[in-house]
Amino acid sequence: MQLDLLKRDLVRLDWEVRDRDDFFDRISAELLHGGYIRGSFRDALADRERKYPTALPTMPEAVAIPHSDVEHIIKPFIASVRLARPIDWREMGNDDVVHPVRFIFVLGFVQEDRHVEVLQVLLQAFQDPAFMEQMDRARTPDEYYRVLSGMSGLQAA
């Protein structure tokens, strides 16, 4: 996975959101303002999440990785958000299970097949309790970005 997909300007820490829809509203506004997405992204993101939930039951905390189809993306990105408090998110591949999620990685790709490699790198990192603890302990966006940049499998652009 290319390191340049991780966008320092899209790191958000300790956001207060009511629920998933509130999160989608906020992150979509940020991404639109940054020129990363088209106006259709927010609805496409929510629609895809309803059909194909993205919470992963990783330990010690579940993580969500929402994304939309490529036609809604202008520039590729990974937006990394840590919430102040968990919100409910349905599990990938098991709609009946809901997880409390604080760590959300919104993926935006301009190539259909790009997500497979990225998901492998992210999943490996999310299964490492030490990595998750470092994400939890980061106090500034720069610290958080440094933790993310240390994931195994990242390559310089």
# chains A, B, ... in the order shown; residues from 1 in each chain; ligands from 1
$ residues_around --residues "stretch 28-31 of chain A" --least-positions-apart "3" --cutoff "8 Å" --atoms "only C-alpha atoms" --output "PDB file with N, CA and C atoms, in the first residue's frame"
ATOM      1  N   LEU A  10      -6.367  14.676   6.578  1.00  0.00           N
ATOM      2  CA  LEU A  10      -7.658  14.026   6.823  1.00  0.00           C
ATOM      3  C   LEU A  10      -7.667  13.214   8.120  1.00  0.00           C
ATOM      4  N   PHE A  24     -21.171  10.355   8.672  1.00  0.00           N
ATOM      5  CA  PHE A  24     -21.130  10.469   7.215  1.00  0.00           C
ATOM      6  C   PHE A  24     -21.293  11.920   6.769  1.00  0.00           C
ATOM      7  N   ASP A  25     -22.173  12.662   7.438  1.00  0.00           N
ATOM      8  CA  ASP A  25     -22.352  14.081   7.108  1.00  0.00           C
ATOM      9  C   ASP A  25     -21.053  14.853   7.314  1.00  0.00           C
ATOM     10  N   GLY A  34     -12.048  19.494   0.849  1.00  0.00           N
ATOM     11  CA  GLY A  34     -10.667  19.221   0.459  1.00  0.00           C
ATOM     12  C   GLY A  34     -10.501  18.830  -1.002  1.00  0.00           C
ATOM     13  N   GLY A  35     -11.603  18.717  -1.733  1.00  0.00           N
ATOM     14  CA  GLY A  35     -11.526  18.367  -3.145  1.00  0.00           C
ATOM     15  C   GLY A  35     -11.281  16.894  -3.421  1.00  0.00           C
ATOM     16  N   TYR A  36     -11.549  16.046  -2.427  1.00  0.00           N
ATOM     17  CA  TYR A  36     -11.308  14.607  -2.582  1.00  0.00           C
ATOM     18  C   TYR A  36     -12.473  13.861  -3.233  1.00  0.00           C
ATOM     19  N   ILE A  37     -13.679  14.395  -3.085  1.00  0.00           N
ATOM     20  CA  ILE A  37     -14.870  13.655  -3.509  1.00  0.00           C
ATOM     21  C   ILE A  37     -15.809  14.524  -4.337  1.00  0.00           C
ATOM     22  N   PHE A  41     -20.902  11.646  -3.121  1.00  0.00           N
ATOM     23  CA  PHE A  41     -20.200  10.706  -2.242  1.00  0.00           C
ATOM     24  C   PHE A  41     -20.990  10.345  -0.988  1.00  0.00           C
ATOM     25  N   ARG A  42     -21.526  11.334  -0.293  1.00  0.00           N
ATOM     26  CA  ARG A  42     -22.175  11.089   1.005  1.00  0.00           C
ATOM     27  C   ARG A  42     -23.292  10.061   0.875  1.00  0.00           C
TER      28      ARG A  42
END
$ select_by_dssp --residues "stretch 3-144 of chain A" --states "alpha helix (DSSP H)" --output "PyMOL selection string"
chain A and resi 20-33+41-51+114-126+129-137+141-144
$ residues_around --residues "A:Arg48" --least-positions-apart "5" --cutoff "9 Å" --atoms "only C-alpha atoms" --output "MDAnalysis selection string"
chainID A and resid 43 53 66:69
$ closest_residue --among "A:Glu61, A:Glu71, A:Asp128, A:Asp19" --to "A:Phe103" --atoms "only C-alpha atoms"
A:Glu61
$ atom_distance --atom1 "atom CA of A:Leu13" --atom2 "atom CA of A:Val98"
22.5 Å
$ closest_atom_pairs --of "stretch 1-68 of chain A" --to "stretch 110-127 of chain A" --cutoff "9 Å" --atoms "only C-alpha atoms" --output "Markdown table"
| residue | atom | partner | partner_atom | distance |
| --- | --- | --- | --- | --- |
| A:Met1 | CA | A:Val118 | CA | 5.5 |
| A:Gln2 | CA | A:Val118 | CA | 8.4 |
| A:Leu56 | CA | A:Leu123 | CA | 8.6 |
| A:Thr58 | CA | A:Gln127 | CA | 5.8 |
| A:Met59 | CA | A:Gln127 | CA | 6.2 |
| A:Pro60 | CA | A:Gln127 | CA | 8.1 |
| A:Glu61 | CA | A:Phe126 | CA | 8.5 |
| A:Ala62 | CA | A:Phe126 | CA | 8.5 |
| A:Val63 | CA | A:Phe126 | CA | 7.6 |
| A:Ile65 | CA | A:Leu119 | CA | 8.7 |
$ atom_distance --atom1 "atom CA of A:Glu49" --atom2 "atom CA of A:Val11"
21.0 Å
$ select_by_dssp --residues "chain A" --states "strand (DSSP E or B)" --output "JSON, numbers by chain"
{"A": [2, 6, 7, 8, 9, 10, 11, 12, 13, 14, 15, 37, 55, 56, 62, 63, 64, 67, 73, 77, 78, 79, 80, 81, 82, 83, 84, 85, 86, 87, 88, 89, 90, 91, 94, 95, 96, 97, 98, 99, 100, 101, 102, 103, 104, 105, 106, 107, 108, 155]}
$ closest_residue --among "A:Arg146, A:Arg38, A:Lys51, A:Arg12" --to "A:Pro76" --atoms "only C-alpha atoms"
A:Arg38
$ residues_around --residues "A:Phe105" --least-positions-apart "4" --cutoff "7 Å" --atoms "only C-alpha atoms" --output "list in words"
Ala64, Ile65, Pro66, Ile78, Ala79, Ser80 and Val81 of chain A
$ atom_distance --atom1 "atom CA of A:Ile87" --atom2 "atom CA of A:Pro100"
5.3 Å
